[in-house]
Each structure stands twice: as C-alpha cells, then as structure tokens.
Amino acid sequence: MAPENNFPRVTFEEDIKESLKVLRQGGIILYPTDTIWGLGCDPTNESAVNKIFKIKSRDESKSLIILVDSLSMIERYVKDCPGIVFELTEVSDSPLTIIYPEGKNLAQGVCGKDNSIGIRICRDEFCSHLIGRFRKPIVSTSANFSGNPSPENFSLIEKTLIDKVDYVVTWRQNDPGRSVPSPVIKIHPDGTIKIIRE
C-alpha cells in the first residue's frame with residue numbers, strides 16, 4: 001500500500017527495493033522505525049548479525065530485538081507464544097517491545113543468554129511495508145555506538161556509524177521530530193509480566 005504524505009513516492013519505493021537487496025545479501029541497513037532510527041539486518045543470518053555487533057562495538061552477550069509486521073509472524077519465531085500477547089497487542093496503541101521466554105528459528109546472537117527474544121509489532125508505514133516484502137523479521141538496534149545516547153532523529157546519528165552500513169534509507173531523514181525508544185516488558189513462562197523499561 002503506497003504511503004500518503006508529502007515525500008516523493010519514488011524515494012519510498014527505491015528505499016524499499018534497495019533495503020531488500022541489502023538484507024537479502026546479508027548486509028546492514030540504517031533505517032527509520034516506529035520509534036528511533038535503527039541498524040537492521042536479517043535475524044536468521046548469523047554473519048549479518050555478527051556485523052551488527054561489530055559496527056556498534058556491542059558486547060555479543062547482549063541480545064537484539066526484532067521487528068515483525070503481525071502476530072502470525074511472531075508465532076514463527078517464538079516457542080509457545082503466551083496467550084496474553086494477543087491481548088497486549090490489541091490494547092496497545094503505541095509501540096511496545098515484548099520479551100518472550102524462548103525464541104526459535106533465529107541466528108545465534110539474536111536471542112539472550114537464556115534464549116529469550118525481544119519482539120515488536122511495527123505499524124510504521126516504512127517498516128511494515130519492508131517487513132511484509134522481506135517476509136521475515138528485521139533486526140532493530142539503536143543507530144549508535146554501544147554506550148552512546150540513542151539518536152532522537154537522523155541528524156543526531158554519528159557520521160562514522162553511517163559510513164559503516166551498506167545502505168542508508170533516505171525516507172524520513174529530514175523529519176525533525178524527536179523519537180524515543182519503546183517501553184519494554186518481559187513475559188515469563190507462567191504468564192506473569194515484568195516492566196523492563198517504561
């Protein structure tokens with residue numbers, strides 16, 4: 001579905017095509033999400049995941065989150081998806097990252113040491129379109145070097161980081177709005193919930 005806004009449609013379509021090309025080749029994209037700008041790759045490609053850690057100088061013991069476009073996609077990457085997830089996603093009117101007890105079908109390094117996996121259903125027009133065309137989730141980790149502040153918009157992303165990725169999405173680069181990371185909650189195997197980040 002084509003976006004309806006003031007940006008040229010050709011930019012949107014070209015960004016989607018180039019992003020897909022890079023993702024399928026195991027490369028890294030710098031892209032706008034439903035929250036802050038992020039570094040993305042194919043979460044089923046271990047080589048691509050390792051590149052993300054190297055670019056960010058991030059400890060490989062730290063897990064990543066993935067973006068999906070639907071509940072059905074979550075079920076392909078989570079073992080025994082708790083029923084409460086359906087309720088949470090229905091009532092949440094803003095981006096919400098949920099950490100599930102056990103991930104599956106993902107490259108090493110994406111899940112945590114306990115095999116938990118953080119996932120967010122992304123309703124952003126660019127991300128949801130990209131994920132739908134890719135037919136897989138996309139890694140999303142903040143576009144900053146490990147330990148540095150997360151960029152609130154594209155203008156705050158360090159050039160040295162930009163230079164390390166394979167493709168930089170042009171969509172929303174000129175958006176001056178200030179974005180923040182999503183809240184994060186963790187669902188335990190017994191269905192209880194813990195707030196990780198408000």
# chains A, B, ... in the order shown; residues from 1 in each chain; ligands from 1
>>> residues_around(residues="Pro43 in chain A", least_positions_apart="5", cutoff="10 Å", atoms="only C-alpha atoms", output="MDAnalysis selection string")
chainID A and resid 23 26 48:49 64:67 105:111 136:140
>>> write_last_selection(atoms="all heavy atoms", output="tab-separated table (two decimals), in the first residue's frame")
chain	number	residue	atom	x	y	z
A	23	LEU	N	19.41	-6.52	2.56
A	23	LEU	CA	19.03	-7.51	3.57
A	23	LEU	C	19.21	-8.94	3.04
A	23	LEU	O	19.70	-9.82	3.75
A	23	LEU	CB	17.57	-7.30	4.00
A	23	LEU	CG	17.29	-6.04	4.82
A	23	LEU	CD1	15.78	-5.83	4.96
A	23	LEU	CD2	17.93	-6.11	6.20
A	26	GLY	N	22.71	-10.20	3.06
A	26	GLY	CA	23.38	-10.28	4.36
A	26	GLY	C	24.02	-8.99	4.81
A	26	GLY	O	24.91	-9.01	5.67
A	48	ALA	N	25.33	-11.71	9.20
A	48	ALA	CA	24.77	-10.36	9.24
A	48	ALA	C	24.63	-9.87	10.69
A	48	ALA	O	24.94	-8.72	11.01
A	48	ALA	CB	23.41	-10.33	8.54
A	49	VAL	N	24.18	-10.75	11.56
A	49	VAL	CA	24.03	-10.41	12.97
A	49	VAL	C	25.38	-10.04	13.57
A	49	VAL	O	25.51	-9.07	14.32
A	49	VAL	CB	23.38	-11.58	13.75
A	49	VAL	CG1	23.44	-11.33	15.25
A	49	VAL	CG2	21.94	-11.78	13.30
A	64	LEU	N	19.48	-8.81	20.82
A	64	LEU	CA	18.92	-7.81	19.92
A	64	LEU	C	17.40	-7.94	19.93
A	64	LEU	O	16.87	-8.93	20.42
A	64	LEU	CB	19.45	-8.04	18.50
A	64	LEU	CG	20.97	-7.97	18.32
A	64	LEU	CD1	21.36	-8.46	16.93
A	64	LEU	CD2	21.47	-6.54	18.54
A	65	ILE	N	16.72	-6.96	19.37
A	65	ILE	CA	15.27	-7.12	19.20
A	65	ILE	C	14.98	-7.24	17.72
A	65	ILE	O	15.79	-6.83	16.87
A	65	ILE	CB	14.45	-5.98	19.84
A	65	ILE	CG1	14.63	-4.68	19.05
A	65	ILE	CG2	14.80	-5.79	21.29
A	65	ILE	CD1	13.63	-3.61	19.43
A	66	ILE	N	13.84	-7.81	17.40
A	66	ILE	CA	13.43	-7.92	16.01
A	66	ILE	C	12.06	-7.28	15.83
A	66	ILE	O	11.25	-7.25	16.75
A	66	ILE	CB	13.41	-9.38	15.52
A	66	ILE	CG1	12.44	-10.23	16.34
A	66	ILE	CG2	14.81	-9.96	15.55
A	66	ILE	CD1	12.28	-11.66	15.82
A	67	LEU	N	11.84	-6.75	14.64
A	67	LEU	CA	10.55	-6.15	14.30
A	67	LEU	C	9.79	-7.11	13.39
A	67	LEU	O	10.37	-7.70	12.47
A	67	LEU	CB	10.74	-4.81	13.57
A	67	LEU	CG	11.52	-3.72	14.31
A	67	LEU	CD1	11.57	-2.46	13.46
A	67	LEU	CD2	10.89	-3.43	15.66
A	105	ASN	N	14.23	-20.35	15.44
A	105	ASN	CA	14.46	-20.04	14.02
A	105	ASN	C	15.24	-18.74	13.79
A	105	ASN	O	15.04	-18.08	12.78
A	105	ASN	CB	13.13	-20.00	13.25
A	105	ASN	CG	12.34	-21.29	13.35
A	105	ASN	OD1	12.92	-22.37	13.36
A	105	ASN	ND2	11.02	-21.18	13.42
A	106	LEU	N	16.08	-18.39	14.74
A	106	LEU	CA	16.86	-17.16	14.65
A	106	LEU	C	18.36	-17.47	14.77
A	106	LEU	O	18.74	-18.46	15.39
A	106	LEU	CB	16.45	-16.18	15.75
A	106	LEU	CG	15.01	-15.65	15.66
A	106	LEU	CD1	14.58	-15.03	16.98
A	106	LEU	CD2	14.88	-14.64	14.52
A	107	ALA	N	19.18	-16.60	14.19
A	107	ALA	CA	20.63	-16.80	14.24
A	107	ALA	C	21.15	-16.63	15.66
A	107	ALA	O	20.56	-15.92	16.49
A	107	ALA	CB	21.32	-15.80	13.32
A	108	GLN	N	22.27	-17.27	15.93
A	108	GLN	CA	22.92	-17.12	17.23
A	108	GLN	C	23.29	-15.66	17.43
A	108	GLN	O	23.78	-14.99	16.53
A	108	GLN	CB	24.18	-17.99	17.29
A	108	GLN	CG	24.85	-17.98	18.65
A	108	GLN	CD	26.02	-18.96	18.71
A	108	GLN	OE1	26.21	-19.77	17.81
A	108	GLN	NE2	26.80	-18.88	19.77
A	109	GLY	N	23.04	-15.15	18.64
A	109	GLY	CA	23.35	-13.76	18.94
A	109	GLY	C	22.12	-12.87	18.99
A	109	GLY	O	22.15	-11.80	19.60
A	110	VAL	N	21.04	-13.30	18.36
A	110	VAL	CA	19.81	-12.50	18.38
A	110	VAL	C	19.10	-12.66	19.73
A	110	VAL	O	18.68	-11.69	20.35
A	110	VAL	CB	18.87	-12.89	17.23
A	110	VAL	CG1	17.58	-12.07	17.30
A	110	VAL	CG2	19.54	-12.67	15.89
A	111	CYS	N	18.98	-13.90	20.18
A	111	CYS	CA	18.33	-14.17	21.47
A	111	CYS	C	19.30	-13.92	22.62
A	111	CYS	O	20.51	-13.87	22.44
A	111	CYS	CB	17.84	-15.61	21.52
A	111	CYS	SG	16.57	-16.01	20.29
A	136	LYS	N	10.22	-11.72	6.44
A	136	LYS	CA	10.96	-12.13	7.64
A	136	LYS	C	10.99	-10.94	8.58
A	136	LYS	O	10.78	-9.80	8.15
A	136	LYS	CB	12.41	-12.49	7.32
A	136	LYS	CG	12.66	-13.76	6.57
A	136	LYS	CD	14.17	-13.93	6.43
A	136	LYS	CE	14.56	-15.09	5.56
A	136	LYS	NZ	16.04	-15.22	5.47
A	137	PRO	N	11.30	-11.18	9.85
A	137	PRO	CA	11.53	-10.05	10.75
A	137	PRO	C	12.80	-9.31	10.35
A	137	PRO	O	13.58	-9.81	9.52
A	137	PRO	CB	11.70	-10.70	12.14
A	137	PRO	CG	11.25	-12.12	11.97
A	137	PRO	CD	11.46	-12.47	10.53
A	138	ILE	N	13.02	-8.15	10.92
A	138	ILE	CA	14.25	-7.40	10.71
A	138	ILE	C	14.81	-7.00	12.07
A	138	ILE	O	14.06	-6.56	12.95
A	138	ILE	CB	14.00	-6.13	9.87
A	138	ILE	CG1	13.47	-6.52	8.48
A	138	ILE	CG2	15.29	-5.32	9.72
A	138	ILE	CD1	13.08	-5.34	7.63
A	139	VAL	N	16.11	-7.20	12.25
A	139	VAL	CA	16.75	-6.76	13.49
A	139	VAL	C	16.59	-5.25	13.62
A	139	VAL	O	16.64	-4.52	12.64
A	139	VAL	CB	18.25	-7.13	13.49
A	139	VAL	CG1	19.03	-6.32	14.53
A	139	VAL	CG2	18.44	-8.62	13.75
A	140	SER	N	16.38	-4.80	14.83
A	140	SER	CA	16.33	-3.35	15.10
A	140	SER	C	17.11	-3.07	16.37
A	140	SER	O	16.72	-3.47	17.45
A	140	SER	CB	14.88	-2.88	15.26
A	140	SER	OG	14.86	-1.50	15.58
>>> residues_around(residues="range 85-87 of chain A", least_positions_apart="2", cutoff="10 Å", atoms="only C-alpha atoms", output="NGL selection string")
:A and (71 or 74 or 81-83 or 89-92 or 98 or 100 or 187 or 191)
>>> closest_residue(among="A:Pro189, A:Pro149, A:Gly132, A:Gly118", to="Lys62 in chain A", atoms="only C-alpha atoms")
A:Gly118
>>> residues_around(residues="Thr11 in chain A", least_positions_apart="6", cutoff="10 Å", atoms="only C-alpha atoms", output="list in words")
Lys17, Val169, Thr170, Trp171 and Arg172 of chain A
>>> closest_residue(among="A:Lys159, A:His188, A:Lys164, A:Arg76", to="Lys104 in chain A", atoms="only C-alpha atoms")
A:Arg76
>>> select_by_dssp(residues="range 58-158 of chain A", states="strand (DSSP E or B)", output="PDB file with N, CA, C and O atoms, in the first residue's frame")
ATOM      1  N   ILE A  65      16.715  -6.964  19.370  1.00  0.00           N
ATOM      2  CA  ILE A  65      15.265  -7.124  19.205  1.00  0.00           C
ATOM      3  C   ILE A  65      14.981  -7.241  17.715  1.00  0.00           C
ATOM      4  O   ILE A  65      15.787  -6.830  16.871  1.00  0.00           O
ATOM      5  N   ILE A  66      13.837  -7.806  17.401  1.00  0.00           N
ATOM      6  CA  ILE A  66      13.434  -7.917  16.012  1.00  0.00           C
ATOM      7  C   ILE A  66      12.062  -7.277  15.834  1.00  0.00           C
ATOM      8  O   ILE A  66      11.247  -7.254  16.755  1.00  0.00           O
ATOM      9  N   LEU A  67      11.836  -6.745  14.640  1.00  0.00           N
ATOM     10  CA  LEU A  67      10.553  -6.149  14.297  1.00  0.00           C
ATOM     11  C   LEU A  67       9.789  -7.107  13.387  1.00  0.00           C
ATOM     12  O   LEU A  67      10.368  -7.701  12.469  1.00  0.00           O
ATOM     13  N   VAL A  68       8.503  -7.257  13.638  1.00  0.00           N
ATOM     14  CA  VAL A  68       7.633  -8.081  12.795  1.00  0.00           C
ATOM     15  C   VAL A  68       6.449  -7.230  12.359  1.00  0.00           C
ATOM     16  O   VAL A  68       6.244  -6.123  12.861  1.00  0.00           O
ATOM     17  N   VAL A  78       8.765 -17.547  17.982  1.00  0.00           N
ATOM     18  CA  VAL A  78       8.635 -17.705  19.430  1.00  0.00           C
ATOM     19  C   VAL A  78       8.092 -19.083  19.739  1.00  0.00           C
ATOM     20  O   VAL A  78       7.094 -19.518  19.148  1.00  0.00           O
ATOM     21  N   THR A  97       7.644  -3.181  22.988  1.00  0.00           N
ATOM     22  CA  THR A  97       8.541  -4.315  22.798  1.00  0.00           C
ATOM     23  C   THR A  97       8.291  -5.336  23.894  1.00  0.00           C
ATOM     24  O   THR A  97       8.278  -4.997  25.076  1.00  0.00           O
ATOM     25  N   ILE A  98       8.071  -6.577  23.477  1.00  0.00           N
ATOM     26  CA  ILE A  98       7.789  -7.652  24.428  1.00  0.00           C
ATOM     27  C   ILE A  98       8.904  -8.689  24.365  1.00  0.00           C
ATOM     28  O   ILE A  98       9.287  -9.134  23.272  1.00  0.00           O
ATOM     29  N   ILE A  99       9.443  -9.043  25.523  1.00  0.00           N
ATOM     30  CA  ILE A  99      10.471 -10.081  25.592  1.00  0.00           C
ATOM     31  C   ILE A  99       9.781 -11.407  25.917  1.00  0.00           C
ATOM     32  O   ILE A  99       9.117 -11.548  26.941  1.00  0.00           O
ATOM     33  N   TYR A 100       9.946 -12.362  25.014  1.00  0.00           N
ATOM     34  CA  TYR A 100       9.314 -13.673  25.150  1.00  0.00           C
ATOM     35  C   TYR A 100      10.304 -14.669  25.753  1.00  0.00           C
ATOM     36  O   TYR A 100      11.516 -14.534  25.559  1.00  0.00           O
ATOM     37  N   GLY A 103      12.959 -17.915  22.045  1.00  0.00           N
ATOM     38  CA  GLY A 103      12.889 -17.694  20.609  1.00  0.00           C
ATOM     39  C   GLY A 103      13.251 -18.950  19.839  1.00  0.00           C
ATOM     40  O   GLY A 103      13.771 -19.919  20.395  1.00  0.00           O
ATOM     41  N   ILE A 117      13.695 -13.624  23.625  1.00  0.00           N
ATOM     42  CA  ILE A 117      13.766 -12.790  22.430  1.00  0.00           C
ATOM     43  C   ILE A 117      12.812 -11.591  22.531  1.00  0.00           C
ATOM     44  O   ILE A 117      11.663 -11.750  22.931  1.00  0.00           O
ATOM     45  N   GLY A 118      13.336 -10.425  22.222  1.00  0.00           N
ATOM     46  CA  GLY A 118      12.534  -9.207  22.240  1.00  0.00           C
ATOM     47  C   GLY A 118      11.946  -8.938  20.860  1.00  0.00           C
ATOM     48  O   GLY A 118      12.677  -8.929  19.860  1.00  0.00           O
ATOM     49  N   ILE A 119      10.636  -8.736  20.803  1.00  0.00           N
ATOM     50  CA  ILE A 119       9.949  -8.532  19.520  1.00  0.00           C
ATOM     51  C   ILE A 119       8.958  -7.367  19.628  1.00  0.00           C
ATOM     52  O   ILE A 119       8.292  -7.197  20.650  1.00  0.00           O
ATOM     53  N   ARG A 120       8.873  -6.591  18.558  1.00  0.00           N
ATOM     54  CA  ARG A 120       7.872  -5.526  18.498  1.00  0.00           C
ATOM     55  C   ARG A 120       7.117  -5.620  17.175  1.00  0.00           C
ATOM     56  O   ARG A 120       7.736  -5.771  16.129  1.00  0.00           O
ATOM     57  N   ILE A 121       5.794  -5.556  17.254  1.00  0.00           N
ATOM     58  CA  ILE A 121       4.992  -5.464  16.039  1.00  0.00           C
ATOM     59  C   ILE A 121       5.067  -4.019  15.574  1.00  0.00           C
ATOM     60  O   ILE A 121       4.660  -3.108  16.290  1.00  0.00           O
ATOM     61  N   ILE A 138      13.022  -8.152  10.924  1.00  0.00           N
ATOM     62  CA  ILE A 138      14.251  -7.402  10.709  1.00  0.00           C
ATOM     63  C   ILE A 138      14.812  -7.004  12.068  1.00  0.00           C
ATOM     64  O   ILE A 138      14.064  -6.555  12.948  1.00  0.00           O
ATOM     65  N   VAL A 139      16.107  -7.198  12.250  1.00  0.00           N
ATOM     66  CA  VAL A 139      16.751  -6.761  13.487  1.00  0.00           C
ATOM     67  C   VAL A 139      16.589  -5.254  13.620  1.00  0.00           C
ATOM     68  O   VAL A 139      16.644  -4.519  12.636  1.00  0.00           O
ATOM     69  N   SER A 140      16.377  -4.797  14.833  1.00  0.00           N
ATOM     70  CA  SER A 140      16.327  -3.350  15.095  1.00  0.00           C
ATOM     71  C   SER A 140      17.113  -3.068  16.365  1.00  0.00           C
ATOM     72  O   SER A 140      16.718  -3.465  17.453  1.00  0.00           O
ATOM     73  N   THR A 141      18.232  -2.398  16.188  1.00  0.00           N
ATOM     74  CA  THR A 141      19.025  -1.965  17.343  1.00  0.00           C
ATOM     75  C   THR A 141      19.390  -0.514  17.110  1.00  0.00           C
ATOM     76  O   THR A 141      19.627  -0.099  15.971  1.00  0.00           O
ATOM     77  N   SER A 142      19.381   0.284  18.142  1.00  0.00           N
ATOM     78  CA  SER A 142      19.548   1.732  18.003  1.00  0.00           C
ATOM     79  C   SER A 142      20.799   2.092  17.193  1.00  0.00           C
ATOM     80  O   SER A 142      21.839   1.458  17.314  1.00  0.00           O
TER      81      SER A 142
END
